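Shown below: my_file-v2.cif, with mmCIF, C-alpha atoms.
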```
data_input
#
loop_
_atom_site.group_PDB
_atom_site.id
_atom_site.type_symbol
_atom_site.label_atom_id
_atom_site.label_comp_id
_atom_site.auth_asym_id
_atom_site.auth_seq_id
_atom_site.Cartn_x
_atom_site.Cartn_y
_atom_site.Cartn_z
ATOM 1 C CA MET A 26 0.000 0.000 0.000
ATOM 2 C CA ASN A 27 1.322 3.483 -0.938
ATOM 3 C CA TRP A 28 0.286 6.980 0.182
ATOM 4 C CA SER A 29 -2.099 7.284 -2.759
ATOM 5 C CA ASP A 30 -4.015 4.231 -1.553
ATOM 6 C CA VAL A 31 -4.146 5.688 1.947
ATOM 7 C CA GLY A 32 -5.488 8.960 0.569
ATOM 8 C CA ASP A 33 -8.169 7.150 -1.417
ATOM 9 C CA ALA A 34 -9.163 5.113 1.630
ATOM 10 C CA LEU A 35 -9.516 8.255 3.733
ATOM 11 C CA PHE A 36 -10.832 10.805 1.235
ATOM 12 C CA GLY A 37 -11.818 8.894 -1.891
ATOM 13 C CA GLY A 38 -15.491 9.730 -1.506
ATOM 14 C CA VAL A 39 -15.176 13.470 -0.905
ATOM 15 C CA SER A 40 -16.262 14.342 -4.454
ATOM 16 C CA GLN A 41 -19.545 12.466 -3.926
ATOM 17 C CA TYR A 42 -19.910 13.198 -0.225
ATOM 18 C CA GLY A 43 -23.422 14.646 -0.408
ATOM 19 C CA ALA A 44 -24.828 11.763 -2.458
ATOM 20 C CA ILE A 45 -23.210 9.124 -0.234
ATOM 21 C CA LEU A 46 -24.373 10.872 2.939
ATOM 22 C CA GLU A 47 -27.941 10.842 1.664
ATOM 23 C CA LEU A 48 -27.711 7.076 1.186
ATOM 24 C CA VAL A 49 -26.489 6.472 4.740
ATOM 25 C CA GLN A 50 -28.678 9.001 6.579
ATOM 26 C CA ASN A 51 -30.244 6.121 8.548
ATOM 27 C CA SER A 52 -26.773 5.403 9.881
ATOM 28 C CA VAL A 53 -26.460 8.977 11.158
ATOM 29 C CA TYR A 54 -29.782 8.707 12.972
ATOM 30 C CA ALA A 55 -28.844 5.293 14.366
ATOM 31 C CA GLY A 56 -25.508 6.600 15.593
ATOM 32 C CA ALA A 57 -27.165 9.612 17.223
ATOM 33 C CA VAL A 58 -29.674 7.509 19.169
ATOM 34 C CA LEU A 59 -27.130 4.923 20.209
ATOM 35 C CA GLY A 60 -24.571 7.561 21.203
ATOM 36 C CA LEU A 61 -27.022 9.508 23.369
ATOM 37 C CA VAL A 62 -28.591 6.539 25.158
ATOM 38 C CA GLY A 63 -25.304 4.660 25.417
ATOM 39 C CA GLY A 64 -23.626 7.679 26.988
ATOM 40 C CA LEU A 65 -26.384 8.074 29.582
ATOM 41 C CA ILE A 66 -26.536 4.440 30.640
ATOM 42 C CA GLY A 67 -22.748 4.313 30.609
ATOM 43 C CA VAL A 68 -22.677 6.666 33.595
ATOM 44 C CA PHE A 69 -24.323 3.997 35.738
ATOM 45 C CA VAL A 70 -22.114 1.317 34.210
ATOM 46 C CA MET A 71 -19.091 3.232 35.496
ATOM 47 C CA GLN A 72 -20.632 4.060 38.878
ATOM 48 C CA ARG A 73 -21.505 0.394 39.435
ATOM 49 C CA ASP A 74 -18.099 -0.783 38.151
ATOM 50 C CA MET A 75 -19.700 -2.915 35.441
ATOM 51 C CA ALA A 76 -17.608 -2.173 32.362
ATOM 52 C CA PHE A 77 -16.632 -5.847 32.240
ATOM 53 C CA ALA A 78 -20.342 -6.766 32.306
ATOM 54 C CA VAL A 79 -20.932 -4.792 29.098
ATOM 55 C CA HIS A 80 -18.403 -6.965 27.301
ATOM 56 C CA GLY A 81 -19.877 -10.124 28.797
ATOM 57 C CA ILE A 82 -23.405 -9.235 27.686
ATOM 58 C CA SER A 83 -22.138 -8.362 24.209
ATOM 59 C CA GLU A 84 -20.651 -11.856 23.816
ATOM 60 C CA LEU A 85 -24.006 -13.510 24.619
ATOM 61 C CA SER A 86 -25.736 -11.016 22.341
ATOM 62 C CA PHE A 87 -23.315 -11.997 19.597
ATOM 63 C CA ALA A 88 -24.117 -15.664 20.245
ATOM 64 C CA GLY A 89 -27.856 -14.998 20.039
ATOM 65 C CA ALA A 90 -27.457 -13.088 16.785
ATOM 66 C CA ALA A 91 -25.274 -15.846 15.315
ATOM 67 C CA VAL A 92 -27.818 -18.525 16.257
ATOM 68 C CA ALA A 93 -30.589 -16.440 14.678
ATOM 69 C CA LEU A 94 -28.525 -15.985 11.530
ATOM 70 C CA LEU A 95 -27.893 -19.729 11.283
ATOM 71 C CA ILE A 96 -31.526 -20.785 11.661
ATOM 72 C CA GLY A 97 -32.816 -17.997 9.435
ATOM 73 C CA VAL A 98 -34.737 -15.795 11.871
ATOM 74 C CA ASP A 99 -34.444 -12.092 12.646
ATOM 75 C CA VAL A 100 -30.899 -11.298 13.783
ATOM 76 C CA VAL A 101 -31.971 -8.339 15.925
ATOM 77 C CA SER A 102 -34.396 -10.543 17.866
ATOM 78 C CA GLY A 103 -31.701 -13.147 18.430
ATOM 79 C CA SER A 104 -29.317 -10.479 19.641
ATOM 80 C CA ILE A 105 -31.904 -9.121 22.079
ATOM 81 C CA VAL A 106 -32.695 -12.587 23.462
ATOM 82 C CA GLY A 107 -29.000 -13.333 24.016
ATOM 83 C CA SER A 108 -28.418 -9.976 25.722
ATOM 84 C CA LEU A 109 -31.420 -10.291 28.026
ATOM 85 C CA ILE A 110 -30.447 -13.814 29.083
ATOM 86 C CA ALA A 111 -26.925 -12.668 29.927
ATOM 87 C CA ALA A 112 -28.183 -9.547 31.704
ATOM 88 C CA ALA A 113 -30.665 -11.550 33.788
ATOM 89 C CA ILE A 114 -28.024 -14.122 34.795
ATOM 90 C CA ILE A 115 -25.537 -11.442 35.817
ATOM 91 C CA GLY A 116 -28.203 -9.391 37.584
ATOM 92 C CA LEU A 117 -29.601 -12.311 39.575
ATOM 93 C CA LEU A 118 -26.388 -14.144 40.435
ATOM 94 C CA GLY A 119 -23.747 -11.434 40.484
ATOM 95 C CA ALA A 120 -24.726 -9.262 43.419
ATOM 96 C CA ARG A 121 -21.130 -8.997 44.626
ATOM 97 C CA ALA A 122 -18.339 -7.804 42.346
ATOM 98 C CA ARG A 123 -16.295 -10.981 42.788
ATOM 99 C CA ASP A 124 -19.264 -13.225 41.924
ATOM 100 C CA ARG A 125 -20.228 -10.978 39.026
ATOM 101 C CA ASN A 126 -16.779 -11.039 37.455
ATOM 102 C CA SER A 127 -16.504 -14.814 37.745
ATOM 103 C CA ILE A 128 -19.939 -15.265 36.144
ATOM 104 C CA ILE A 129 -18.989 -12.926 33.315
ATOM 105 C CA GLY A 130 -15.698 -14.760 32.874
ATOM 106 C CA VAL A 131 -17.647 -17.993 32.414
ATOM 107 C CA LEU A 132 -20.289 -16.513 30.093
ATOM 108 C CA MET A 133 -17.894 -14.702 27.748
ATOM 109 C CA PRO A 134 -15.990 -17.685 26.298
ATOM 110 C CA PHE A 135 -19.195 -19.719 26.162
ATOM 111 C CA GLY A 136 -21.003 -17.023 24.185
ATOM 112 C CA LEU A 137 -18.063 -16.409 21.905
ATOM 113 C CA GLY A 138 -17.664 -20.138 21.286
ATOM 114 C CA VAL A 139 -21.342 -20.608 20.435
ATOM 115 C CA GLY A 140 -21.248 -17.595 18.131
ATOM 116 C CA ILE A 141 -18.149 -18.774 16.276
ATOM 117 C CA LEU A 142 -19.638 -22.275 15.919
ATOM 118 C CA CYS A 143 -22.826 -20.882 14.378
ATOM 119 C CA LEU A 144 -20.924 -18.588 12.026
ATOM 120 C CA SER A 145 -18.752 -21.510 10.932
ATOM 121 C CA LEU A 146 -21.873 -23.481 10.031
ATOM 122 C CA TYR A 147 -23.478 -20.527 8.235
ATOM 123 C CA ASN A 148 -23.166 -20.736 4.443
ATOM 124 C CA GLY A 149 -24.244 -17.195 3.597
ATOM 125 C CA ARG A 150 -22.218 -14.101 2.783
ATOM 126 C CA SER A 151 -18.998 -13.732 4.761
ATOM 127 C CA ALA A 152 -19.624 -9.987 5.126
ATOM 128 C CA THR A 153 -22.805 -10.759 7.064
ATOM 129 C CA ARG A 154 -20.896 -12.974 9.471
ATOM 130 C CA PHE A 155 -18.127 -10.419 9.926
ATOM 131 C CA SER A 156 -20.620 -7.627 10.614
ATOM 132 C CA LEU A 157 -21.751 -9.309 13.848
ATOM 133 C CA LEU A 158 -18.282 -8.711 15.244
ATOM 134 C CA THR A 159 -17.577 -5.262 13.812
ATOM 135 C CA GLY A 160 -21.070 -3.885 13.112
ATOM 136 C CA GLN A 161 -22.960 -2.759 10.033
ATOM 137 C CA ILE A 162 -23.930 0.808 10.804
ATOM 138 C CA VAL A 163 -23.470 1.938 7.191
ATOM 139 C CA SER A 164 -26.178 -0.481 6.043
ATOM 140 C CA VAL A 165 -28.914 0.278 8.563
ATOM 141 C CA GLN A 166 -32.284 -0.176 6.894
ATOM 142 C CA SER A 167 -35.462 1.717 7.755
ATOM 143 C CA ALA A 168 -36.959 -1.253 9.616
ATOM 144 C CA GLN A 169 -33.768 -1.679 11.650
ATOM 145 C CA LEU A 170 -33.727 2.049 12.395
ATOM 146 C CA GLY A 171 -37.281 1.759 13.670
ATOM 147 C CA TRP A 172 -36.251 -1.041 16.028
ATOM 148 C CA LEU A 173 -33.313 1.020 17.235
ATOM 149 C CA VAL A 174 -35.403 4.114 17.906
ATOM 150 C CA VAL A 175 -38.102 2.144 19.741
ATOM 151 C CA ILE A 176 -35.612 0.253 21.907
ATOM 152 C CA GLY A 177 -33.603 3.409 22.550
ATOM 153 C CA LEU A 178 -36.724 5.299 23.672
ATOM 154 C CA VAL A 179 -37.834 2.408 25.888
ATOM 155 C CA VAL A 180 -34.423 2.282 27.553
ATOM 156 C CA LEU A 181 -34.292 6.069 27.920
ATOM 157 C CA LEU A 182 -37.776 6.383 29.449
ATOM 158 C CA ALA A 183 -37.234 3.443 31.791
ATOM 159 C CA LEU A 184 -33.864 4.848 32.815
ATOM 160 C CA LEU A 185 -35.445 8.211 33.643
ATOM 161 C CA MET A 186 -38.169 6.493 35.683
ATOM 162 C CA ILE A 187 -35.671 4.699 37.937
ATOM 163 C CA TRP A 188 -32.999 7.410 37.806
ATOM 164 C CA ARG A 189 -33.074 8.494 41.456
ATOM 165 C CA PRO A 190 -33.182 5.050 43.125
ATOM 166 C CA LEU A 191 -30.685 3.727 40.590
ATOM 167 C CA ARG A 192 -28.278 6.574 41.298
ATOM 168 C CA PHE A 193 -28.673 6.088 45.038
ATOM 169 C CA ASP A 194 -28.070 2.345 44.715
ATOM 170 C CA SER A 195 -25.093 2.908 42.405
ATOM 171 C CA LEU A 196 -23.310 5.348 44.723
ATOM 172 C CA ASP A 197 -24.181 3.851 48.121
ATOM 173 C CA PRO A 198 -25.951 0.470 47.921
ATOM 174 C CA GLN A 199 -25.829 -0.167 51.690
ATOM 175 C CA SER A 200 -27.528 3.121 52.540
ATOM 176 C CA ALA A 201 -30.019 2.633 49.708
ATOM 177 C CA ALA A 202 -31.041 -0.763 51.081
ATOM 178 C CA ALA A 203 -31.320 0.685 54.598
ATOM 179 C CA ARG A 204 -33.587 3.468 53.297
ATOM 180 C CA GLY A 205 -35.961 0.929 51.743
ATOM 181 C CA VAL A 206 -34.846 1.123 48.114
ATOM 182 C CA PRO A 207 -35.641 -2.227 46.404
ATOM 183 C CA THR A 208 -32.019 -2.682 45.396
ATOM 184 C CA THR A 209 -32.471 -6.166 43.895
ATOM 185 C CA ALA A 210 -35.302 -5.022 41.631
ATOM 186 C CA VAL A 211 -33.458 -1.839 40.692
ATOM 187 C CA SER A 212 -30.278 -3.766 39.861
ATOM 188 C CA LEU A 213 -32.124 -6.355 37.788
ATOM 189 C CA GLY A 214 -34.076 -3.653 35.959
ATOM 190 C CA PHE A 215 -30.878 -1.802 35.159
ATOM 191 C CA MET A 216 -29.246 -4.985 33.868
ATOM 192 C CA LEU A 217 -32.186 -5.675 31.553
ATOM 193 C CA LEU A 218 -32.037 -2.113 30.199
ATOM 194 C CA LEU A 219 -28.303 -2.529 29.699
ATOM 195 C CA GLY A 220 -28.972 -5.798 27.880
ATOM 196 C CA LEU A 221 -31.383 -4.089 25.487
ATOM 197 C CA ILE A 222 -29.016 -1.268 24.560
ATOM 198 C CA VAL A 223 -26.074 -3.671 24.254
ATOM 199 C CA ALA A 224 -28.108 -5.746 21.786
ATOM 200 C CA VAL A 225 -28.704 -2.660 19.667
ATOM 201 C CA ALA A 226 -25.050 -1.647 19.921
ATOM 202 C CA VAL A 227 -23.884 -5.108 18.848
ATOM 203 C CA HIS A 228 -26.062 -4.934 15.773
ATOM 204 C CA ILE A 229 -24.810 -1.455 14.897
ATOM 205 C CA ILE A 230 -21.103 -1.368 15.853
ATOM 206 C CA GLY A 231 -20.396 -5.037 16.569
ATOM 207 C CA ALA A 232 -19.727 -7.180 19.616
ATOM 208 C CA LEU A 233 -16.041 -6.283 19.730
ATOM 209 C CA LEU A 234 -16.558 -2.504 19.835
ATOM 210 C CA VAL A 235 -19.553 -2.029 22.125
ATOM 211 C CA MET A 236 -17.533 -0.486 24.945
ATOM 212 C CA ALA A 237 -16.535 2.453 22.731
ATOM 213 C CA LEU A 238 -20.055 3.877 23.123
ATOM 214 C CA LEU A 239 -21.269 2.334 26.384
ATOM 215 C CA VAL A 240 -18.187 2.859 28.547
ATOM 216 C CA THR A 241 -15.670 5.323 27.079
ATOM 217 C CA PRO A 242 -17.935 8.434 26.823
ATOM 218 C CA ALA A 243 -19.030 8.081 30.459
ATOM 219 C CA ALA A 244 -15.469 7.403 31.586
ATOM 220 C CA ALA A 245 -14.365 10.573 29.790
ATOM 221 C CA ALA A 246 -17.160 12.670 31.302
ATOM 222 C CA MET A 247 -16.281 11.520 34.805
ATOM 223 C CA ARG A 248 -12.706 12.756 34.350
ATOM 224 C CA VAL A 249 -13.799 16.382 33.879
ATOM 225 C CA ALA A 250 -17.114 16.636 35.742
ATOM 226 C CA SER A 251 -18.673 15.376 38.960
ATOM 227 C CA GLY A 252 -22.154 16.900 39.175
ATOM 228 C CA PRO A 253 -25.309 14.757 39.013
ATOM 229 C CA LEU A 254 -26.420 16.622 35.888
ATOM 230 C CA SER A 255 -23.140 17.556 34.195
ATOM 231 C CA VAL A 256 -21.761 14.005 34.030
ATOM 232 C CA PRO A 257 -24.774 12.439 32.227
ATOM 233 C CA LEU A 258 -25.081 15.389 29.850
ATOM 234 C CA LEU A 259 -21.384 15.284 28.971
ATOM 235 C CA ALA A 260 -21.459 11.493 28.568
ATOM 236 C CA ALA A 261 -24.434 11.733 26.203
ATOM 237 C CA LEU A 262 -22.693 14.510 24.250
ATOM 238 C CA PHE A 263 -19.459 12.525 23.966
ATOM 239 C CA GLY A 264 -21.350 9.437 22.814
ATOM 240 C CA PHE A 265 -23.267 11.474 20.236
ATOM 241 C CA VAL A 266 -20.113 13.124 18.870
ATOM 242 C CA SER A 267 -18.262 9.792 18.676
ATOM 243 C CA ALA A 268 -21.035 7.946 16.847
ATOM 244 C CA VAL A 269 -22.243 10.669 14.490
ATOM 245 C CA GLY A 270 -18.741 12.023 13.904
ATOM 246 C CA GLY A 271 -17.532 8.538 13.038
ATOM 247 C CA VAL A 272 -20.232 8.104 10.412
ATOM 248 C CA LEU A 273 -19.652 11.541 8.885
ATOM 249 C CA LEU A 274 -15.899 10.941 8.610
ATOM 250 C CA ALA A 275 -16.287 7.438 7.217
ATOM 251 C CA VAL A 276 -18.512 8.707 4.392
ATOM 252 C CA ALA A 277 -15.540 10.646 2.996
ATOM 253 C CA GLY A 278 -13.554 7.452 2.337
ATOM 254 C CA THR A 279 -13.850 3.714 1.944
ATOM 255 C CA LEU A 280 -12.802 2.566 5.411
ATOM 256 C CA PRO A 281 -15.287 0.943 7.850
ATOM 257 C CA VAL A 282 -17.012 3.308 10.232
ATOM 258 C CA SER A 283 -16.098 1.422 13.413
ATOM 259 C CA PRO A 284 -12.434 2.567 13.567
ATOM 260 C CA TYR A 285 -13.569 6.176 13.283
ATOM 261 C CA ILE A 286 -16.053 5.788 16.146
ATOM 262 C CA THR A 287 -13.561 4.080 18.428
ATOM 263 C CA THR A 288 -10.796 6.580 17.573
ATOM 264 C CA ILE A 289 -12.982 9.630 18.249
ATOM 265 C CA SER A 290 -14.221 8.089 21.485
ATOM 266 C CA PHE A 291 -10.675 7.336 22.617
ATOM 267 C CA ALA A 292 -9.449 10.799 21.618
ATOM 268 C CA ILE A 293 -12.201 12.427 23.699
ATOM 269 C CA TYR A 294 -11.269 10.256 26.672
ATOM 270 C CA LEU A 295 -7.582 11.083 26.283
ATOM 271 C CA VAL A 296 -8.255 14.831 26.181
ATOM 272 C CA CYS A 297 -10.566 14.609 29.202
ATOM 273 C CA ARG A 298 -8.005 12.590 31.121
ATOM 274 C CA LEU A 299 -5.314 15.200 30.401
ATOM 275 C CA VAL A 300 -7.646 18.026 31.403
ATOM 276 C CA GLY A 301 -8.619 16.190 34.575
ATOM 277 C CA ALA A 302 -4.997 15.495 35.491
ATOM 278 C CA ARG A 303 -4.052 19.122 34.942
ATOM 279 C CA ARG A 304 -6.967 20.265 37.077
ATOM 280 C CA GLU A 305 -5.904 17.922 39.895
ATOM 281 C CA ARG A 306 -2.355 19.246 39.796
ATOM 282 C CA THR A 307 -3.626 22.819 39.913
ATOM 283 C CA THR A 308 -5.886 22.012 42.868
ATOM 284 C CA ARG A 309 -3.056 20.372 44.801
ATOM 285 C CA ALA A 310 -0.785 23.341 44.098
ATOM 286 C CA LEU A 311 -3.330 25.706 45.619
#
```

Represent the supplied structure as structure tokens.
Amino acid sequence: MNWSDVGDALFGGVSQYGAILELVQNSVYAGAVLGLVGGLIGVFVMQRDMAFAVHGISELSFAGAAVALLIGVDVVSGSIVGSLIAAAIIGLLGARARDRNSIIGVLMPFGLGVGILCLSLYNGRSATRFSLLTGQIVSVQSAQLGWLVVIGLVVLLALLMIWRPLRFDSLDPQSAAARGVPTTAVSLGFMLLLGLIVAVAVHIIGALLVMALLVTPAAAAMRVASGPLSVPLLAALFGFVSAVGGVLLAVAGTLPVSPYITTISFAIYLVCRLVGARRERTTRAL
């Protein structure tokens, strides 16, 4: 590969940018919804120290999608079923961090193994199989966009309904239980919501890259903010910029959109970490 090939890969579609963007407008909408909701729910993922759980759920979601692909049923439905099963198992059995991590460690290789087995038996297009791992955001159809919007709204509304008890339970579970908060129900409800949004994320950006939108934006926001309102708003903004910005940049070339999303998300986190570190040094100096 020479520099001309690199230039074509990055900017080969600039001359037809408007026409290409019109063709993938569903992808922009999908990225916007996923970025916003993923950023918001990611705040609680970080507060509850469940970043590893996101990856575990994504592996079972991948397995469910692969099984659905093999038997010829709707892939989105299979992904949702796999995610909800994983979320329910982790939510019911993993009350303590040590138990939760061991359960996730058992589920991840099992899910990945089942998914790989099903993809090996699948005789369809190889691009379809590969998309379950790295996503297919540039080929989001109207029906898929409808599913995404509906699921995203359900997760968002449910998250807002349990926001206060969930935040209390996330920051101080012992005090929340003592004050009568139904911590088991709240935890299980949160896990099911997380399972739903992970299923959507797997279908859009792939099982291997889910954490770029469900963990990194919230982690970045928590480096530069600490307020109960500023952190969620920043996390949602960072998720939106990562997802939509990734799509808009990818349209200019021929590269997959996933590397753009993950790179933007990481760059935001890196900048926030530097800003946070500088702020801490300034505070200590005073």

Minimum-distance residue to A:Gly138, chosen among A:Pro257, A:Pro207, A:Gly89, A:Gly43 (using all atoms listed in the file):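 Using all atoms listed in the file, A:Gly138 sits closest to A:Gly89.
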
Exactly which residues make up the result of the PyMOL selection byres ((chain A and resi 169-185) around 8) on this file, given as a count of residues only? 19

Restricting the calculation to all atoms listed in the file, which member of A:Leu85, A:Val101, A:Leu61, A:Leu94 is positioned closest to A:Gly130? A:Leu85

Could you please determine the separation between atom CA of A:Leu239 and atom CA of A:Ala224 in Å, to one decimal place?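 A separation of 11.5 Å between them.
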
For stretch 190-200 of chain A, work out the shell of residues within 7 Å, counting all atoms listed in the file and skipping chain neighbours fewer than 4 positions away, then give it as a VMD selection string. chain A and resid 69 72 to 73 204 206 208 211

Rank nothing, just name the residue among A:Pro281, A:Ile129, A:Leu157, A:Gly301 nearest to A:Ala250, using only C-alpha atoms.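 Smallest distance to A:Ala250 is found for A:Gly301.
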
Report the distance between atom CA of A:Met216 and atom CA of A:Ser108 in Å, rounded to one decimal place. 9.6 Å

Rounded to one decimal, what separation in Å do you get between atom CA of A:Arg306 and atom CA of A:Gly252? 19.9 Å

For the structure shown, which residues end up in the PyMOL selection byres ((chain A and resi 80) around 8)? Put them as an mmCIF file with C-alpha atoms, keeping the file's coordinate frame, please?
```
data_model
loop_
_atom_site.group_PDB
_atom_site.id
_atom_site.type_symbol
_atom_site.label_atom_id
_atom_site.label_comp_id
_atom_site.auth_asym_id
_atom_site.auth_seq_id
_atom_site.Cartn_x
_atom_site.Cartn_y
_atom_site.Cartn_z
ATOM 1 C CA ALA A 76 -17.608 -2.173 32.362
ATOM 2 C CA PHE A 77 -16.632 -5.847 32.240
ATOM 3 C CA ALA A 78 -20.342 -6.766 32.306
ATOM 4 C CA VAL A 79 -20.932 -4.792 29.098
ATOM 5 C CA GLY A 81 -19.877 -10.124 28.797
ATOM 6 C CA ILE A 82 -23.405 -9.235 27.686
ATOM 7 C CA SER A 83 -22.138 -8.362 24.209
ATOM 8 C CA GLU A 84 -20.651 -11.856 23.816
ATOM 9 C CA MET A 133 -17.894 -14.702 27.748
ATOM 10 C CA ALA A 232 -19.727 -7.180 19.616
ATOM 11 C CA LEU A 233 -16.041 -6.283 19.730
ATOM 12 C CA VAL A 235 -19.553 -2.029 22.125
ATOM 13 C CA MET A 236 -17.533 -0.486 24.945
#
```

For A:Gly220, the closest of A:Leu254, A:Ala112, A:Leu144, A:Leu137 counting only C-alpha atoms is A:Ala112

Report as a list in words the full result of the PyMOL selection byres ((chain A and resi 265) around 10) when it is applied to this structure. Val53, Gly56, Ala57, Val58, Leu59, Gly60, Leu61, Val62, Gly63, Gly64, Leu238, Pro242, Leu259, Ala260, Ala261, Leu262, Phe263, Gly264, Val266, Ser267, Ala268, Val269, Gly270, Gly271 and Ser290 of chain A

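Comparing A:Ala277, A:Ala88, A:Val249, A:Val227 by their smallest distance to A:Val296, the closest is A:Val249 (using all atoms listed in the file).
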
Select, from A:Leu217, A:Ile229, A:Ile128, A:Ala202, the residue with the minimum atom-to-atom distance to A:Val106, counting all atoms listed in the file. A:Leu217

Could you pull stretch 259-272 of chain A out of the structure just shown and give N, CA, C and O atoms as a tab-separated table (two decimals), in the first residue's frame?
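Wrote it out as selection_38.tsv, contents follow:
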```
chain	number	residue	atom	x	y	z
A	259	LEU	N	-22.66	15.39	29.69
A	259	LEU	CA	-21.38	15.28	28.97
A	259	LEU	C	-21.21	13.90	28.36
A	259	LEU	O	-20.75	13.77	27.22
A	260	ALA	N	-21.58	12.86	29.09
A	260	ALA	CA	-21.46	11.49	28.57
A	260	ALA	C	-22.32	11.31	27.32
A	260	ALA	O	-21.88	10.71	26.32
A	261	ALA	N	-23.55	11.82	27.37
A	261	ALA	CA	-24.43	11.73	26.20
A	261	ALA	C	-23.86	12.52	25.03
A	261	ALA	O	-23.90	12.06	23.88
A	262	LEU	N	-23.30	13.70	25.31
A	262	LEU	CA	-22.69	14.51	24.25
A	262	LEU	C	-21.49	13.80	23.63
A	262	LEU	O	-21.36	13.74	22.40
A	263	PHE	N	-20.64	13.23	24.47
A	263	PHE	CA	-19.46	12.52	23.97
A	263	PHE	C	-19.86	11.31	23.13
A	263	PHE	O	-19.25	11.02	22.10
A	264	GLY	N	-20.88	10.58	23.58
A	264	GLY	CA	-21.35	9.44	22.81
A	264	GLY	C	-21.92	9.86	21.47
A	264	GLY	O	-21.66	9.23	20.44
A	265	PHE	N	-22.69	10.94	21.48
A	265	PHE	CA	-23.27	11.47	20.24
A	265	PHE	C	-22.17	11.89	19.26
A	265	PHE	O	-22.22	11.54	18.07
A	266	VAL	N	-21.19	12.64	19.74
A	266	VAL	CA	-20.11	13.12	18.87
A	266	VAL	C	-19.31	11.94	18.31
A	266	VAL	O	-18.96	11.93	17.12
A	267	SER	N	-19.04	10.95	19.12
A	267	SER	CA	-18.26	9.79	18.68
A	267	SER	C	-18.99	9.04	17.57
A	267	SER	O	-18.41	8.71	16.53
A	268	ALA	N	-20.28	8.75	17.80
A	268	ALA	CA	-21.03	7.95	16.85
A	268	ALA	C	-21.32	8.71	15.55
A	268	ALA	O	-21.02	8.23	14.45
A	269	VAL	N	-21.89	9.89	15.68
A	269	VAL	CA	-22.24	10.67	14.49
A	269	VAL	C	-20.98	11.14	13.77
A	269	VAL	O	-20.90	11.09	12.53
A	270	GLY	N	-19.99	11.60	14.53
A	270	GLY	CA	-18.74	12.02	13.90
A	270	GLY	C	-18.06	10.89	13.16
A	270	GLY	O	-17.50	11.10	12.08
A	271	GLY	N	-18.12	9.68	13.71
A	271	GLY	CA	-17.53	8.54	13.04
A	271	GLY	C	-18.19	8.25	11.70
A	271	GLY	O	-17.52	7.99	10.70
A	272	VAL	N	-19.51	8.33	11.67
A	272	VAL	CA	-20.23	8.10	10.41
A	272	VAL	C	-19.90	9.18	9.39
A	272	VAL	O	-19.62	8.89	8.21
```
